[in-house]
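Chemist: Could you have a look at this structure, given as structure tokens, before my questions?
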Amino acid sequence: MALNLVMLGPPGAGKGTQAVRVEQERGIPQISTGDILREAVQAGTDLGRQAQAVMERGELVSDALIVEIVRERLARGDTRDGFILDGFPRTVAQAEALDRILAGRDPLVVVELSVLDQALVERLSRRRVCGDCGATYGAGSGAVPAACTRCGAALVARKDDREEVVQERLRVYREQTEPLVAFYRDRPSFRRVDGNQAADAVRLAIAGAIDAAQAAIRVQSSPAV
Ligand SMILES: [Zn+2]
């Protein structure tokens, strides 16, 4: 069975890190909408040129265009054994579109990484980036050094990691994601994973959640005896 995985989780939950681990363990590509947008723009595809025009006008790329770019990406051969979607879908409309894109393929596995708000605010507000080379420190449980260990430059807080900005990002996330979780929650392949643990424990919990979700899909799709 292909592993067609959607990962949901708030900013600061470590979703990106965990997605990379699933990618390495399962040998399936991680697909983030930011990356495929950039790719499409660079490749100068028809959709890429449309997206570029929108972004150059300073506007947000529409749902419809994002959906088409995701459709194009998921049609590529490297997704035959599965994929990990990160940052898509963001809305129920996108989730419905994704179901249509995947008609005839193996059912989605949806993993929601859940982390307490207070922990997210703490994690994000202690994160620092190097002002020169862009290296990131303090994400997850790593300690924050006095200066960049790569180039020695001073470390600064990212503008969007300040506490009031973080609170606002979490509020927006919750507002967008609650309907999405409600959309997926009743599927046997939906799993919530406790992200309030060390990164390795979260990795194991995600692996277990994926296996359990796929087992539930097999039970559901096997013919009744
Ligand atoms: Zn640096």
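Scheme for the structure tokens: letters A, B, ... for chains in order shown; per-chain residue numbers from 1; ligand numbers from 1 in order shown.
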Please find the residues contacting ligand 1 at a distance of at most 9 Å between atoms, with only C-alpha atoms and all ligand atoms counted, and report them as an NGL selection string.
Modeler: :A and (129-136 or 147-155)
Chemist: Extract, using only C-alpha atoms, all DNA, RNA and protein residues at most 7 Å from segment 184-197 of chain A, discarding same-chain residues fewer than 2 positions from it, and format them as a ChimeraX atom specification.
Modeler: /A:13,108-115,180-182,199,201-202,205-206,209,213-214,216-217
Chemist: Using C-alpha atoms, can you export the residues from the last selection as a short mmCIF file (atom, residue, chain, number, x, y, z; two decimals), in the first residue's frame?
Modeler:
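Contents of selection03.cif, freshly written:
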data_model
loop_
_atom_site.label_atom_id
_atom_site.label_comp_id
_atom_site.auth_asym_id
_atom_site.auth_seq_id
_atom_site.Cartn_x
_atom_site.Cartn_y
_atom_site.Cartn_z
CA ALA A 13 5.42 21.63 16.50
CA LEU A 108 -4.91 9.27 2.85
CA VAL A 109 -3.28 8.77 6.21
CA VAL A 110 -3.68 11.96 8.26
CA VAL A 111 -1.43 12.60 11.26
CA GLU A 112 -2.05 15.61 13.45
CA LEU A 113 0.90 16.60 15.60
CA SER A 114 -0.58 18.16 18.71
CA VAL A 115 1.45 20.40 21.02
CA LEU A 180 -9.80 20.58 8.72
CA VAL A 181 -9.37 18.26 11.70
CA ALA A 182 -13.16 17.95 11.89
CA ALA A 199 11.86 14.47 19.11
CA ALA A 201 9.72 9.78 21.04
CA VAL A 202 7.58 11.82 18.62
CA ALA A 205 4.82 7.75 17.92
CA ILE A 206 4.36 8.94 14.32
CA ALA A 209 0.38 6.03 14.15
CA ALA A 213 -3.74 3.97 10.26
CA GLN A 214 -2.68 1.71 7.40
CA ALA A 216 -7.27 0.41 9.76
CA ILE A 217 -7.41 1.17 6.02
#
Chemist: Name all residues at most 12 Å from Gln50 of chain A (count only C-alpha atoms; drop same-chain ones fewer than 5 positions away) and give them as JSON, numbers by chain.
Modeler: {"A": [37, 40, 41, 42, 44, 45, 55, 56, 57, 59, 60, 61, 62, 64, 65, 66, 68, 69]}
Chemist: Please, could you write that set of residues out with C-alpha atoms as a PDB file, in the first residue's frame?
Modeler:
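And here's again-v7.pdb as it stands now:
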ATOM      1  CA  LEU A  37       5.519  26.723  -5.810  1.00  0.00           C
ATOM      2  CA  ALA A  40       7.018  25.528 -10.613  1.00  0.00           C
ATOM      3  CA  VAL A  41       8.096  29.168 -10.856  1.00  0.00           C
ATOM      4  CA  GLN A  42      11.712  28.178 -11.553  1.00  0.00           C
ATOM      5  CA  GLY A  44       8.606  28.174 -15.831  1.00  0.00           C
ATOM      6  CA  THR A  45       5.648  25.809 -16.255  1.00  0.00           C
ATOM      7  CA  MET A  55       3.093  36.849  -6.316  1.00  0.00           C
ATOM      8  CA  GLU A  56       4.744  39.720  -8.195  1.00  0.00           C
ATOM      9  CA  ARG A  57       1.543  41.680  -7.737  1.00  0.00           C
ATOM     10  CA  GLU A  59      -1.203  38.884  -3.882  1.00  0.00           C
ATOM     11  CA  LEU A  60      -1.771  35.462  -2.360  1.00  0.00           C
ATOM     12  CA  VAL A  61      -1.825  32.511  -4.730  1.00  0.00           C
ATOM     13  CA  SER A  62      -5.460  31.341  -4.950  1.00  0.00           C
ATOM     14  CA  ALA A  64      -7.521  26.948  -7.208  1.00  0.00           C
ATOM     15  CA  LEU A  65      -3.973  27.587  -8.427  1.00  0.00           C
ATOM     16  CA  ILE A  66      -2.373  25.855  -5.422  1.00  0.00           C
ATOM     17  CA  GLU A  68      -3.588  22.667  -9.653  1.00  0.00           C
ATOM     18  CA  ILE A  69       0.094  22.873  -8.712  1.00  0.00           C
TER      19      ILE A  69
END
Chemist: What residues in chain A get the DSSP label strand (DSSP E)? Please answer as a ChimeraX atom specification.
Modeler: /A:3-8,30-32,82-86,108-114,128-130,136-137,155-156,190-194
Chemist: I need the chosen residues saved as a PDB file, in the first residue's frame, with C-alpha atoms.
Modeler:
ATOM      1  CA  LEU A   3       1.701   5.837   2.093  1.00  0.00           C
ATOM      2  CA  ASN A   4      -0.230   8.948   1.092  1.00  0.00           C
ATOM      3  CA  LEU A   5       0.392  11.063   4.151  1.00  0.00           C
ATOM      4  CA  VAL A   6      -0.903  14.457   5.228  1.00  0.00           C
ATOM      5  CA  MET A   7       0.788  15.996   8.265  1.00  0.00           C
ATOM      6  CA  LEU A   8      -1.085  18.645  10.237  1.00  0.00           C
ATOM      7  CA  GLN A  30       8.126  15.206   1.172  1.00  0.00           C
ATOM      8  CA  ILE A  31       6.080  17.803  -0.664  1.00  0.00           C
ATOM      9  CA  SER A  32       5.687  21.255   0.824  1.00  0.00           C
ATOM     10  CA  GLY A  82       3.395   7.593  -1.522  1.00  0.00           C
ATOM     11  CA  PHE A  83       4.222  11.114  -0.447  1.00  0.00           C
ATOM     12  CA  ILE A  84       4.195  13.398   2.589  1.00  0.00           C
ATOM     13  CA  LEU A  85       2.206  16.614   2.235  1.00  0.00           C
ATOM     14  CA  ASP A  86       3.293  19.421   4.525  1.00  0.00           C
ATOM     15  CA  LEU A 108      -4.907   9.265   2.851  1.00  0.00           C
ATOM     16  CA  VAL A 109      -3.277   8.766   6.210  1.00  0.00           C
ATOM     17  CA  VAL A 110      -3.679  11.962   8.256  1.00  0.00           C
ATOM     18  CA  VAL A 111      -1.431  12.596  11.256  1.00  0.00           C
ATOM     19  CA  GLU A 112      -2.048  15.608  13.452  1.00  0.00           C
ATOM     20  CA  LEU A 113       0.895  16.601  15.601  1.00  0.00           C
ATOM     21  CA  SER A 114      -0.583  18.156  18.714  1.00  0.00           C
ATOM     22  CA  ARG A 128      17.326  32.308  17.120  1.00  0.00           C
ATOM     23  CA  VAL A 129      18.729  32.688  13.652  1.00  0.00           C
ATOM     24  CA  CYS A 130      22.182  33.773  12.525  1.00  0.00           C
ATOM     25  CA  THR A 136      18.695  28.245  13.067  1.00  0.00           C
ATOM     26  CA  TYR A 137      19.183  27.461  16.755  1.00  0.00           C
ATOM     27  CA  LEU A 155      22.127  35.488  16.651  1.00  0.00           C
ATOM     28  CA  VAL A 156      18.823  37.327  16.447  1.00  0.00           C
ATOM     29  CA  PHE A 190      -6.800   9.800  11.126  1.00  0.00           C
ATOM     30  CA  ARG A 191      -4.358   9.774  14.034  1.00  0.00           C
ATOM     31  CA  ARG A 192      -3.402  12.405  16.600  1.00  0.00           C
ATOM     32  CA  VAL A 193       0.140  12.206  17.936  1.00  0.00           C
ATOM     33  CA  ASP A 194       1.310  13.828  21.176  1.00  0.00           C
TER      34      ASP A 194
END
Chemist: What is the distance, in Å and to one decimal place, between atom CA of Gln118 of chain A and atom CA of Ala95 of chain A?
Modeler: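 Taking atom CA of Gln118 of chain A and atom CA of Ala95 of chain A, their separation equals 28.2 Å.
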Chemist: Report, in Å to a single decimal, how far apart atom CA of Pro29 of chain A and atom CA of Pro179 of chain A are.
Modeler: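 Atom-to-atom, atom CA of Pro179 of chain A to atom CA of Pro29 of chain A, that is 26.6 Å.
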Chemist: Excluding same-chain residues fewer than 2 positions from Tyr173 of chain A, what lies within 9 Å of it counting only C-alpha atoms, as a list in words?
Modeler: Gly9, Pro10, Pro11, Arg90, Glu168, Arg169, Leu170, Arg171, Glu175, Gln176, Thr177 and Glu178 of chain A
Chemist: Where in segment 28-123 of chain A does DSSP assign helix (DSSP H, G or I), given as a ChimeraX atom specification?
Modeler: /A:33-43,46-56,63-74,77-79,92-101,117-123
Chemist: Using N, CA and C atoms, can you export the residues from the last selection as a short mmCIF file (atom, residue, chain, number, x, y, z; two decimals), in the first residue's frame?
Modeler:
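Done, and the output landed in again-v3.cif:
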data_model
loop_
_atom_site.label_atom_id
_atom_site.label_comp_id
_atom_site.auth_asym_id
_atom_site.auth_seq_id
_atom_site.Cartn_x
_atom_site.Cartn_y
_atom_site.Cartn_z
N THR A 33 4.12 22.91 0.01
CA THR A 33 3.58 23.79 -1.03
C THR A 33 4.56 24.91 -1.36
N GLY A 34 5.28 25.41 -0.35
CA GLY A 34 6.27 26.45 -0.61
C GLY A 34 7.30 25.97 -1.64
N ASP A 35 7.81 24.75 -1.42
CA ASP A 35 8.83 24.20 -2.33
C ASP A 35 8.27 24.00 -3.73
N ILE A 36 7.06 23.41 -3.83
CA ILE A 36 6.59 23.13 -5.19
C ILE A 36 6.20 24.42 -5.93
N LEU A 37 5.77 25.43 -5.17
CA LEU A 37 5.52 26.72 -5.81
C LEU A 37 6.81 27.28 -6.41
N ARG A 38 7.86 27.28 -5.58
CA ARG A 38 9.16 27.77 -6.06
C ARG A 38 9.64 26.97 -7.26
N GLU A 39 9.48 25.63 -7.17
CA GLU A 39 9.90 24.75 -8.27
C GLU A 39 9.16 25.09 -9.56
N ALA A 40 7.84 25.25 -9.43
CA ALA A 40 7.02 25.53 -10.61
C ALA A 40 7.40 26.87 -11.23
N VAL A 41 7.69 27.86 -10.36
CA VAL A 41 8.10 29.17 -10.86
C VAL A 41 9.44 29.05 -11.58
N GLN A 42 10.39 28.33 -10.94
CA GLN A 42 11.71 28.18 -11.55
C GLN A 42 11.65 27.42 -12.87
N ALA A 43 10.83 26.35 -12.89
CA ALA A 43 10.74 25.54 -14.10
C ALA A 43 9.98 26.29 -15.20
N ASP A 46 3.48 26.43 -17.08
CA ASP A 46 2.33 27.31 -17.26
C ASP A 46 1.80 27.78 -15.91
N LEU A 47 1.61 26.81 -14.98
CA LEU A 47 1.10 27.14 -13.65
C LEU A 47 2.10 28.00 -12.88
N GLY A 48 3.37 27.68 -13.05
CA GLY A 48 4.42 28.43 -12.37
C GLY A 48 4.40 29.89 -12.80
N ARG A 49 4.21 30.12 -14.10
CA ARG A 49 4.16 31.51 -14.59
C ARG A 49 2.94 32.24 -14.04
N GLN A 50 1.82 31.54 -13.95
CA GLN A 50 0.62 32.16 -13.37
C GLN A 50 0.87 32.54 -11.91
N ALA A 51 1.48 31.61 -11.15
CA ALA A 51 1.74 31.86 -9.73
C ALA A 51 2.70 33.03 -9.57
N GLN A 52 3.73 33.07 -10.43
CA GLN A 52 4.72 34.14 -10.35
C GLN A 52 4.06 35.51 -10.56
N ALA A 53 3.17 35.58 -11.54
CA ALA A 53 2.49 36.84 -11.83
C ALA A 53 1.69 37.30 -10.61
N VAL A 54 1.00 36.35 -9.97
CA VAL A 54 0.20 36.68 -8.80
C VAL A 54 1.10 37.20 -7.67
N MET A 55 2.21 36.48 -7.43
CA MET A 55 3.09 36.85 -6.32
C MET A 55 3.78 38.18 -6.59
N GLU A 56 4.10 38.44 -7.86
CA GLU A 56 4.74 39.72 -8.19
C GLU A 56 3.80 40.89 -7.97
N ASP A 63 -6.51 29.44 -3.92
CA ASP A 63 -6.76 28.02 -3.66
C ASP A 63 -6.71 27.20 -4.94
N ALA A 64 -7.39 27.70 -5.96
CA ALA A 64 -7.52 26.95 -7.21
C ALA A 64 -6.15 26.70 -7.84
N LEU A 65 -5.30 27.71 -7.82
CA LEU A 65 -3.97 27.59 -8.43
C LEU A 65 -3.09 26.63 -7.61
N ILE A 66 -3.14 26.76 -6.28
CA ILE A 66 -2.37 25.86 -5.42
C ILE A 66 -2.81 24.41 -5.68
N VAL A 67 -4.12 24.21 -5.76
CA VAL A 67 -4.65 22.87 -5.99
C VAL A 67 -4.12 22.31 -7.31
N GLU A 68 -4.09 23.14 -8.35
CA GLU A 68 -3.59 22.67 -9.65
C GLU A 68 -2.11 22.32 -9.57
N ILE A 69 -1.34 23.13 -8.83
CA ILE A 69 0.09 22.87 -8.71
C ILE A 69 0.33 21.58 -7.94
N VAL A 70 -0.48 21.34 -6.89
CA VAL A 70 -0.38 20.09 -6.13
C VAL A 70 -0.78 18.91 -7.02
N ARG A 71 -1.84 19.09 -7.80
CA ARG A 71 -2.28 18.02 -8.70
C ARG A 71 -1.15 17.60 -9.65
N GLU A 72 -0.48 18.62 -10.22
CA GLU A 72 0.61 18.37 -11.16
C GLU A 72 1.75 17.63 -10.46
N ARG A 73 2.05 18.05 -9.23
CA ARG A 73 3.15 17.44 -8.48
C ARG A 73 2.85 15.98 -8.14
N LEU A 74 1.59 15.72 -7.73
CA LEU A 74 1.22 14.36 -7.29
C LEU A 74 1.06 13.41 -8.48
N GLY A 77 5.82 10.40 -11.16
CA GLY A 77 6.06 8.99 -10.86
C GLY A 77 6.66 8.73 -9.48
N ASP A 78 7.39 9.72 -8.93
CA ASP A 78 8.05 9.47 -7.65
C ASP A 78 7.07 9.41 -6.49
N THR A 79 5.78 9.68 -6.73
CA THR A 79 4.79 9.58 -5.66
C THR A 79 4.03 8.25 -5.71
N VAL A 92 -10.69 23.35 4.23
CA VAL A 92 -11.57 22.23 3.90
C VAL A 92 -11.74 22.13 2.38
N ALA A 93 -11.83 23.29 1.71
CA ALA A 93 -11.97 23.28 0.25
C ALA A 93 -10.77 22.58 -0.39
N GLN A 94 -9.57 22.86 0.12
CA GLN A 94 -8.37 22.20 -0.41
C GLN A 94 -8.40 20.71 -0.10
N ALA A 95 -8.90 20.35 1.10
CA ALA A 95 -8.96 18.93 1.48
C ALA A 95 -9.93 18.18 0.56
N GLU A 96 -11.04 18.81 0.22
CA GLU A 96 -11.99 18.18 -0.71
C GLU A 96 -11.36 18.01 -2.09
N ALA A 97 -10.62 19.04 -2.51
CA ALA A 97 -9.94 18.96 -3.81
C ALA A 97 -8.91 17.83 -3.80
N LEU A 98 -8.21 17.69 -2.67
CA LEU A 98 -7.19 16.63 -2.56
C LEU A 98 -7.84 15.25 -2.69
N ASP A 99 -9.00 15.07 -2.06
CA ASP A 99 -9.71 13.80 -2.20
C ASP A 99 -10.03 13.50 -3.66
N ARG A 100 -10.42 14.53 -4.40
CA ARG A 100 -10.73 14.32 -5.83
C ARG A 100 -9.47 13.99 -6.61
N ILE A 101 -8.35 14.68 -6.29
CA ILE A 101 -7.08 14.42 -6.97
C ILE A 101 -6.66 12.95 -6.76
N ASP A 117 -0.19 24.94 23.46
CA ASP A 117 0.13 26.31 23.06
C ASP A 117 1.32 26.88 23.81
N GLN A 118 1.32 26.69 25.13
CA GLN A 118 2.38 27.29 25.94
C GLN A 118 3.74 26.78 25.50
N ALA A 119 3.81 25.47 25.19
CA ALA A 119 5.07 24.87 24.75
C ALA A 119 5.49 25.46 23.41
N LEU A 120 4.53 25.70 22.52
CA LEU A 120 4.85 26.27 21.20
C LEU A 120 5.40 27.67 21.35
N VAL A 121 4.74 28.46 22.22
CA VAL A 121 5.20 29.84 22.41
C VAL A 121 6.62 29.83 22.97
N GLU A 122 6.86 28.93 23.93
CA GLU A 122 8.21 28.85 24.50
C GLU A 122 9.24 28.45 23.46
N ARG A 123 8.92 27.40 22.68
CA ARG A 123 9.86 26.93 21.66
C ARG A 123 10.17 28.00 20.64
#
Chemist: Could you state the separation of atom CA of Arg26 of chain A and atom CA of Phe183 of chain A in Å, given to one decimal place?
Modeler: 26.2 Å
Chemist: Return the single residue from A:Val172, A:Leu124, A:Ala198, A:Ala75 that is closest to Asp160 of chain A, with distances computed using only C-alpha atoms.
Modeler: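 Of A:Val172, A:Leu124, A:Ala198, A:Ala75, the one nearest Asp160 of chain A, counting only C-alpha atoms, is A:Leu124.
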